[in-house]
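Asker: So that we are looking at the same thing, I have put the structure below in structure tokens.
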Amino acid sequence: MQGVARNFFTMAVIYALVGMTLGLSMAMSQNHEQLPTHAHIMVLGWLMSAVFAFFYHLVPAARNSKLATIHFWLAAVSSVGMVVGLYILYGGNPSIEPVLGISAMAYFAATVLFAFIALRALWSSETAETAGQTATR
Ligand code: HEM
Ligand code: HEM
């Protein structure tokens, strides 16, 4: 795994560890107020990033595009904004909502960018062939 794929997988593993630590602390304290934070760290942080990592690993043409680097950094910054914002919000500070809103919209924009990168790579005939070869290796 190289480049953007490796970046996404590194980020995914960090989110897995942070999210499970929060889950354990919720379970041990029997205080589940941070459920949405834990849920989003696990699924948006760990699972989404891992899916992006495997996609870029399997489709080198997508990984080598400059847009993929933009996708990584937009997803990285906005996801940190989202999970830190959620933690603060569910810690009882609703004034963080604007930061949360902007971060969520930025994460959405990153995913729209990913849709463009992924579909363009998969539907271009040259790339589709390369992707197929990589997947069967
Ligand atoms: C050390 C491992 C984990 C612990 C101790 C843990 C703990 C918890 C706790 C205490 C809750 C709140 C349950 C409730 O109040 O109903 C929860 C919810 C949740 N967890 Fe975990 N969790 C762990 C791992 C994971 C993993 C690996 C994922 C996903 C990849 C995950 C995804 C979720 C989701 C999506 C919810 C919200 C479920 C809902 O909406 O009802 N958790 N977890
Ligand atoms: C733009 C990004 C996102 C926004 C603004 C967002 C917003 C929300 C909101 C408002 C809730 C309800 C929370 C509550 O009732 O307390 C929720 C729940 C949930 N979302 Fe998201 N979400 C986003 C991305 C995602 C993604 C990418 C996933 C999965 C890959 C996901 C999985 C979940 C799950 C499993 C729940 C139920 C657990 C919970 O109640 O927190 N979300 N989300």
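Ligands are numbered from 1 in the order shown, residues from 1 within each chain, and chains are lettered A, B, ... in the order they appear in the structure tokens.
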Throw together the list of residues within 10 Å of ligand 2, counting only C-alpha atoms and all ligand atoms, and drop it here as an MDAnalysis selection string.
Answerer: chainID A and resid 33:49 51 78:79 82 86 90 100:111
Asker: From a DSSP calculation on the backbone, collect every residue of stretch 3-101 of chain A in alpha helix (DSSP H) and output the set as a VMD selection string.
Answerer: chain A and resid 3 to 29 35 to 40 49 to 58 60 to 63 66 to 90 97 to 101
Asker: Skip A:Phe55 itself and residues of its chain fewer than 2 positions away, then list as number ranges by chain all residues within 12 Å of it, counting only C-alpha atoms.
Answerer: A: 1-2, 4-6, 8-9, 48-53, 57-63, 68, 114-115, 117-119, 121-122, 131, 134-135
Asker: Generate the output file for the selected residues, C-alpha atoms, as a CSV table (one decimal), in the first residue's frame.
Answerer:
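The result, written out as result-v7.csv:
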```csv
chain,number,residue,atom,x,y,z
A,1,MET,CA,0.0,0.0,0.0
A,2,GLN,CA,1.4,3.4,-1.0
A,4,VAL,CA,-2.9,8.2,-0.5
A,5,ALA,CA,-3.9,4.5,0.2
A,6,ARG,CA,-1.3,4.2,2.9
A,8,PHE,CA,-6.0,6.6,4.5
A,9,PHE,CA,-5.1,3.3,6.2
A,48,MET,CA,-14.8,4.9,5.6
A,49,SER,CA,-11.1,5.6,5.7
A,50,ALA,CA,-10.3,1.9,5.4
A,51,VAL,CA,-12.7,1.6,2.4
A,52,PHE,CA,-10.9,4.6,0.7
A,53,ALA,CA,-7.5,3.0,1.5
A,57,HIS,CA,-4.8,0.4,-3.3
A,58,LEU,CA,-6.7,-1.5,-5.9
A,59,VAL,CA,-7.0,1.3,-8.5
A,60,PRO,CA,-3.5,2.9,-8.9
A,61,ALA,CA,-4.8,5.4,-11.6
A,62,ALA,CA,-7.1,6.9,-9.0
A,63,ARG,CA,-4.4,7.0,-6.3
A,68,ALA,CA,-6.8,12.0,-4.5
A,114,PHE,CA,-14.1,10.8,-4.1
A,115,ALA,CA,-17.2,9.9,-6.2
A,117,ILE,CA,-12.3,10.4,-8.8
A,118,ALA,CA,-13.5,6.8,-8.3
A,119,LEU,CA,-16.2,6.8,-11.1
A,121,ALA,CA,-11.2,6.0,-12.9
A,122,LEU,CA,-13.5,3.0,-13.1
A,131,ALA,CA,-7.7,-2.0,-12.0
A,134,THR,CA,-4.3,-5.3,-10.0
A,135,ALA,CA,-7.3,-6.8,-8.3
```
Asker: Just how far from atom CA of A:Val77 is atom CA of A:Phe54, in Å to one decimal?
Answerer: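 Atom CA of A:Phe54 sits 20.0 Å away from atom CA of A:Val77.
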